[in-house]
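Below you'll find the structure, written out as structure tokens, and then a few comments.
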Amino acid sequence: MAFLLILCLNLFLYWGCQDNYFFSDDFEWLARGVLAQHLPDAPTEITRIEGRDFNPIFMILLTLVIRVFGLSVPAFRLLSLLVFSAVIYIFFHILSRYFQVNRFVSLSIALLFGVNVYISEVALNMSALVYSFSLLLFLAGLEFFLAGKRIWYFLFLLLAFFTKETIILAVLPLFFYMKEKRDRWFIFVSLGVLVLVRALLQWFTAAPGKYTDFLGTSNVIYKLYFIMMRALNISPYAINPVLGGGILVILGLAAAYFVFSKKAGTGNAGNERRGFIFFLLFFIVFTLFFSLLPKLSSRYFFYPSFGLWGMAALWAHHFSGKNKKIKYVPASLLVISLLFNYPMIKREVEDYKILGDFSRQYIQRQAAVIKDGLPEGEITIYKPDSRPLAEVYQQIKNRENLPKLLPIREHGIGGVIAPTHFIPLMFYPVKIVRWNQSRETSDYFTGRLKIAPGY
């Protein structure tokens, strides 16, 4: 019943996104999923390392969805909402069962975590599904570990790590949460095994990319502030920075009280305090990590928000033991959050519709340029001007909703899509075709079309 409630609420909030076409990074994932439909090529596409990224579990998921539903937009949108809803549900379940938070408080807090326009990108952008899916797998592993099923924990941690490697940082809070030495040793050894396997894969495949190449310390303070405020579901632009800073200071003092005060959590103090430290470290680790990335994106607020609202659940549960009325505070905040977030989420849905419609129409027009049938020998794909893409980006900016990553791809057709991704999507499902590029100039690409045998 709780899961159905969460799913229905998300369908209500995000209704209209089911027909929003794909955009930007989505095309790379989809093209690889299409090429993996040719079974001899599937292992290569699924296990390929792109720079730093190694996402075989996510690639398997996309490959299976394309196998069953093709490039169906509603199928991918429903999948995103299902995974997003499952994360919220398992958050509620873990809070109530393993952290012993009042069920009413747990459900209210879990919904507050989900009803946040600043994390809406994980539901609206198909490529951001990798974040919610990896968190879902980690939370499933966490539940197994708390239930004493270590092998299942390791399996789901492995799945989460090979969905989105960033999730491995969540092991640090778990290490400090567990008090038994044997549990800590198991966490440490399992983490070492995963890191070693990943390092060997990078070494033997000679894949380019280092994890330190994309980190930077410029504007870290501003990014920290933005991440923390948006994880709280507060716009940094809506309030004075002094007031915003004051809110964060109060939260910091409340966190310090919970961690260091002997009065915090009487009776079940030890478990309550350790649970709070788990969510606090989850919040700190991911906030610091994402503040070191060059640009902020809504998907980066997802993990910190989970940690922050986990802290809020334990705050509410603790103080409701002293005043029963406090357990209704999260539900009251949920009503207020719905009133403010609903129109903002709807505007985000419309933003992605504009971007998706442009991408769909642009790709269709470019596909029409290539004649029917497959020409033999080398072909040329011309590079149209990127001004149409820049104009639609300006339209999105003029709508003054949430900032988004709006890339113009230097090595793409009109800045929209690379030929490597365009060709497979253009011919699927009639044929599975790969683009073998031989040359790129400022005006055109040249290459050959390679049709998968049997098509």
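We label chains A, B, ... in the order they appear in the structure tokens, count residues from 1 in each chain, and number ligands from 1 in the order shown.
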So that I can see what lies close to Ile284 (chain A), please list as an NGL selection string the residues with an atom at most 10 Å from it, counting only C-alpha atoms and leaving out residues fewer than 2 positions away in the same chain. :A and (173 or 224 or 228 or 279-282 or 286-289 or 304 or 307-308)
Just to be explicit: take each residue in the selection above, keep N, CA, C and O atoms, and write the result as a PDB file, in the first residue's frame.
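And here's selection-v9.pdb as it stands now:
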```
ATOM      1  N   PRO A 173      29.808   5.667   5.184  1.00  0.00           N
ATOM      2  CA  PRO A 173      28.854   5.799   6.295  1.00  0.00           C
ATOM      3  C   PRO A 173      28.454   4.458   6.903  1.00  0.00           C
ATOM      4  O   PRO A 173      28.292   4.350   8.124  1.00  0.00           O
ATOM      5  N   LEU A 224      28.896  24.132  -2.399  1.00  0.00           N
ATOM      6  CA  LEU A 224      28.470  23.511  -1.145  1.00  0.00           C
ATOM      7  C   LEU A 224      27.152  24.119  -0.668  1.00  0.00           C
ATOM      8  O   LEU A 224      26.226  23.400  -0.253  1.00  0.00           O
ATOM      9  N   MET A 228      23.529  22.034  -0.402  1.00  0.00           N
ATOM     10  CA  MET A 228      22.856  21.860   0.883  1.00  0.00           C
ATOM     11  C   MET A 228      21.477  22.501   0.882  1.00  0.00           C
ATOM     12  O   MET A 228      20.512  21.921   1.395  1.00  0.00           O
ATOM     13  N   PHE A 279      23.440   8.700   8.366  1.00  0.00           N
ATOM     14  CA  PHE A 279      22.843   9.642   7.415  1.00  0.00           C
ATOM     15  C   PHE A 279      23.657  10.943   7.329  1.00  0.00           C
ATOM     16  O   PHE A 279      23.765  11.538   6.251  1.00  0.00           O
ATOM     17  N   LEU A 280      24.220  11.371   8.445  1.00  0.00           N
ATOM     18  CA  LEU A 280      25.050  12.580   8.435  1.00  0.00           C
ATOM     19  C   LEU A 280      26.265  12.387   7.531  1.00  0.00           C
ATOM     20  O   LEU A 280      26.587  13.261   6.709  1.00  0.00           O
ATOM     21  N   LEU A 281      26.958  11.251   7.689  1.00  0.00           N
ATOM     22  CA  LEU A 281      28.124  10.981   6.848  1.00  0.00           C
ATOM     23  C   LEU A 281      27.719  10.818   5.382  1.00  0.00           C
ATOM     24  O   LEU A 281      28.450  11.246   4.481  1.00  0.00           O
ATOM     25  N   PHE A 282      26.578  10.194   5.138  1.00  0.00           N
ATOM     26  CA  PHE A 282      26.076  10.060   3.763  1.00  0.00           C
ATOM     27  C   PHE A 282      25.914  11.449   3.142  1.00  0.00           C
ATOM     28  O   PHE A 282      26.332  11.690   2.003  1.00  0.00           O
ATOM     29  N   PHE A 286      28.745  12.879   0.087  1.00  0.00           N
ATOM     30  CA  PHE A 286      28.286  13.176  -1.271  1.00  0.00           C
ATOM     31  C   PHE A 286      28.213  14.678  -1.537  1.00  0.00           C
ATOM     32  O   PHE A 286      28.421  15.124  -2.669  1.00  0.00           O
ATOM     33  N   THR A 287      27.924  15.465  -0.505  1.00  0.00           N
ATOM     34  CA  THR A 287      27.935  16.922  -0.695  1.00  0.00           C
ATOM     35  C   THR A 287      29.342  17.398  -1.057  1.00  0.00           C
ATOM     36  O   THR A 287      29.522  18.196  -1.986  1.00  0.00           O
ATOM     37  N   LEU A 288      30.336  16.912  -0.328  1.00  0.00           N
ATOM     38  CA  LEU A 288      31.721  17.295  -0.620  1.00  0.00           C
ATOM     39  C   LEU A 288      32.144  16.812  -2.005  1.00  0.00           C
ATOM     40  O   LEU A 288      32.789  17.552  -2.760  1.00  0.00           O
ATOM     41  N   PHE A 289      31.789  15.578  -2.353  1.00  0.00           N
ATOM     42  CA  PHE A 289      32.191  15.035  -3.651  1.00  0.00           C
ATOM     43  C   PHE A 289      31.607  15.847  -4.803  1.00  0.00           C
ATOM     44  O   PHE A 289      32.331  16.262  -5.718  1.00  0.00           O
ATOM     45  N   PRO A 304      22.827  13.598  -1.667  1.00  0.00           N
ATOM     46  CA  PRO A 304      22.849  14.412  -0.447  1.00  0.00           C
ATOM     47  C   PRO A 304      21.462  14.574   0.179  1.00  0.00           C
ATOM     48  O   PRO A 304      21.334  14.579   1.401  1.00  0.00           O
ATOM     49  N   GLY A 307      20.591  11.649   2.420  1.00  0.00           N
ATOM     50  CA  GLY A 307      21.240  11.720   3.724  1.00  0.00           C
ATOM     51  C   GLY A 307      20.596  12.748   4.634  1.00  0.00           C
ATOM     52  O   GLY A 307      20.367  12.502   5.825  1.00  0.00           O
ATOM     53  N   LEU A 308      20.259  13.909   4.074  1.00  0.00           N
ATOM     54  CA  LEU A 308      19.698  14.984   4.894  1.00  0.00           C
ATOM     55  C   LEU A 308      18.325  14.603   5.444  1.00  0.00           C
ATOM     56  O   LEU A 308      18.032  14.816   6.629  1.00  0.00           O
TER      57      LEU A 308
END
```
*Would you return as a list of chain:residue names the members of region 348-455 of chain A that DSSP assigns to strand (DSSP E) on this structure's backbone?*
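The strand (DSSP E) subset of region 348-455 of chain A is A:Ile379, A:Thr380, A:Ile381, A:Tyr382, A:Val433, A:Arg434, A:Trp435, A:Asn436, A:Gln437, A:Ser438, A:Arg439, A:Glu440, A:Tyr444, A:Phe445, A:Thr446, A:Gly447, A:Arg448, A:Leu449, A:Lys450, A:Ile451.
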Store the residues of this selection in a file with N, CA and C atoms, as a PDB file, in the first residue's frame.
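Generated file (result.pdb):
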```pdb
ATOM      1  N   ILE A 379      30.244   7.551 -47.096  1.00  0.00           N
ATOM      2  CA  ILE A 379      29.201   8.560 -47.206  1.00  0.00           C
ATOM      3  C   ILE A 379      29.604   9.791 -46.398  1.00  0.00           C
ATOM      4  N   THR A 380      28.916  10.887 -46.657  1.00  0.00           N
ATOM      5  CA  THR A 380      29.200  12.150 -45.988  1.00  0.00           C
ATOM      6  C   THR A 380      27.961  12.618 -45.235  1.00  0.00           C
ATOM      7  N   ILE A 381      28.151  13.019 -43.986  1.00  0.00           N
ATOM      8  CA  ILE A 381      27.096  13.634 -43.191  1.00  0.00           C
ATOM      9  C   ILE A 381      27.550  15.050 -42.878  1.00  0.00           C
ATOM     10  N   TYR A 382      26.789  16.027 -43.351  1.00  0.00           N
ATOM     11  CA  TYR A 382      27.190  17.415 -43.171  1.00  0.00           C
ATOM     12  C   TYR A 382      26.828  17.924 -41.776  1.00  0.00           C
ATOM     13  N   VAL A 433      22.743  -0.763 -37.373  1.00  0.00           N
ATOM     14  CA  VAL A 433      23.811  -0.196 -38.194  1.00  0.00           C
ATOM     15  C   VAL A 433      24.777   0.568 -37.300  1.00  0.00           C
ATOM     16  N   ARG A 434      26.048   0.353 -37.527  1.00  0.00           N
ATOM     17  CA  ARG A 434      27.110   1.044 -36.790  1.00  0.00           C
ATOM     18  C   ARG A 434      27.799   2.032 -37.716  1.00  0.00           C
ATOM     19  N   TRP A 435      28.219   3.172 -37.157  1.00  0.00           N
ATOM     20  CA  TRP A 435      28.921   4.207 -37.916  1.00  0.00           C
ATOM     21  C   TRP A 435      30.419   4.066 -37.695  1.00  0.00           C
ATOM     22  N   ASN A 436      31.161   3.830 -38.767  1.00  0.00           N
ATOM     23  CA  ASN A 436      32.622   3.782 -38.710  1.00  0.00           C
ATOM     24  C   ASN A 436      33.169   5.048 -39.354  1.00  0.00           C
ATOM     25  N   GLN A 437      33.572   5.981 -38.523  1.00  0.00           N
ATOM     26  CA  GLN A 437      33.996   7.290 -39.028  1.00  0.00           C
ATOM     27  C   GLN A 437      35.436   7.255 -39.507  1.00  0.00           C
ATOM     28  N   SER A 438      35.670   7.907 -40.648  1.00  0.00           N
ATOM     29  CA  SER A 438      37.022   7.966 -41.194  1.00  0.00           C
ATOM     30  C   SER A 438      37.609   9.371 -41.119  1.00  0.00           C
ATOM     31  N   ARG A 439      36.725  10.377 -41.103  1.00  0.00           N
ATOM     32  CA  ARG A 439      37.244  11.750 -41.111  1.00  0.00           C
ATOM     33  C   ARG A 439      36.198  12.706 -40.556  1.00  0.00           C
ATOM     34  N   GLU A 440      36.685  13.776 -39.919  1.00  0.00           N
ATOM     35  CA  GLU A 440      35.809  14.849 -39.463  1.00  0.00           C
ATOM     36  C   GLU A 440      36.475  16.186 -39.764  1.00  0.00           C
ATOM     37  N   TYR A 444      31.831  18.654 -42.144  1.00  0.00           N
ATOM     38  CA  TYR A 444      31.179  17.364 -42.384  1.00  0.00           C
ATOM     39  C   TYR A 444      31.933  16.222 -41.705  1.00  0.00           C
ATOM     40  N   PHE A 445      31.228  15.055 -41.660  1.00  0.00           N
ATOM     41  CA  PHE A 445      31.820  13.783 -41.246  1.00  0.00           C
ATOM     42  C   PHE A 445      31.814  12.855 -42.449  1.00  0.00           C
ATOM     43  N   THR A 446      32.811  12.016 -42.553  1.00  0.00           N
ATOM     44  CA  THR A 446      32.788  10.956 -43.564  1.00  0.00           C
ATOM     45  C   THR A 446      33.025   9.625 -42.867  1.00  0.00           C
ATOM     46  N   GLY A 447      32.379   8.597 -43.396  1.00  0.00           N
ATOM     47  CA  GLY A 447      32.533   7.276 -42.806  1.00  0.00           C
ATOM     48  C   GLY A 447      31.720   6.250 -43.577  1.00  0.00           C
ATOM     49  N   ARG A 448      31.654   5.060 -43.022  1.00  0.00           N
ATOM     50  CA  ARG A 448      30.924   3.963 -43.651  1.00  0.00           C
ATOM     51  C   ARG A 448      29.878   3.426 -42.679  1.00  0.00           C
ATOM     52  N   LEU A 449      28.813   2.889 -43.249  1.00  0.00           N
ATOM     53  CA  LEU A 449      27.769   2.252 -42.471  1.00  0.00           C
ATOM     54  C   LEU A 449      28.032   0.750 -42.447  1.00  0.00           C
ATOM     55  N   LYS A 450      28.091   0.211 -41.250  1.00  0.00           N
ATOM     56  CA  LYS A 450      28.324  -1.224 -41.103  1.00  0.00           C
ATOM     57  C   LYS A 450      27.065  -1.890 -40.574  1.00  0.00           C
ATOM     58  N   ILE A 451      26.430  -2.713 -41.399  1.00  0.00           N
ATOM     59  CA  ILE A 451      25.193  -3.376 -41.026  1.00  0.00           C
ATOM     60  C   ILE A 451      25.519  -4.670 -40.301  1.00  0.00           C
TER      61      ILE A 451
END
```
**Study point:** Residue contacts of Thr217 (chain A) (9 Å, only C-alpha atoms) excluding same-chain residues fewer than 6 positions away, as a ChimeraX atom specification
**Key:** /A:291-294
From the list A:Ser106, A:Ser96, A:Thr44, A:Ser120, the nearest residue to Tyr342 (chain A) using only C-alpha atoms is A:Ser120
Quiz item: Quick one: residues within 10 Å of Leu355 (chain A), only C-alpha atoms counted, chain neighbours fewer than 2 positions away excluded, as a PyMOL selection string?
Solution: chain A and resi 20-24+350-353+357-360+389+392-393+395-396+406
As a PyMOL selection string, which residues of region 212-319 of chain A does DSSP assign to alpha helix (DSSP H)?
chain A and resi 220-231+241-260+269-291+302-319
- Contact residues around Pro43 (chain A) with only C-alpha atoms at 12 Å, ignoring same-chain residues under 2 positions, as a list of chain:residue names: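 Counting only the stated atoms, we get A:Arg32, A:Gly33, A:Leu35, A:Ala36, A:Gln37, A:His38, A:Leu39, A:Pro40, A:Asp41, A:Glu45, A:Ile46, A:Thr47, A:Arg48, A:Ile49, A:Pro56, A:Ile57, A:Met59, A:Ile60, A:Thr63.
Of note, CA of Phe113 (chain A) and CA of Ile88 (chain A) are spaced 7.4 Å apart.
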Handout entry: Residue neighbourhood region 363-372 of chain A, 9 Å, only C-alpha atoms, exclusion window fewer than 4 positions, as a ChimeraX atom specification
Key = /A:358-359,381,413,416-417,422-423,426-427
Give me, as a VMD selection string, all polymer residues having an atom no more than 10 Å from region 129-133 of chain A, counting only C-alpha atoms and skipping those fewer than 5 positions away in the same chain. chain A and resid 26 55 57 to 59 61 76 to 77 79 to 88 121 to 124 138 to 139 159 to 160 163 to 167 299 to 300 302 to 303
* To do: Between CA of Glu391 (chain A) and CA of Pro236 (chain A), measure the distance and give it in Å to one decimal.
  =>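 Going from CA of Glu391 (chain A) over to CA of Pro236 (chain A) covers 27.0 Å.
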Open item on the list: With distances taken over only C-alpha atoms, which residue among A:Asp53, A:Glu272, A:Ala452, A:Gln394 lies nearest Gln202 (chain A)?
Closed with: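 Closest candidate: A:Asp53.
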**Message:** Restricting the calculation to only C-alpha atoms: of A:Val73, A:Leu30, A:Leu5, A:Met311, which residue gets closest to Gln18 (chain A)?
**Reply:**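 Checking each of A:Val73, A:Leu30, A:Leu5, A:Met311 against Gln18 (chain A), counting only C-alpha atoms, the winner is A:Val73.
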Nearest to Ser235 (chain A), restricted to only C-alpha atoms and choosing among A:Ile432, A:Val117, A:Ala418, A:Ala42, comes out as A:Val117
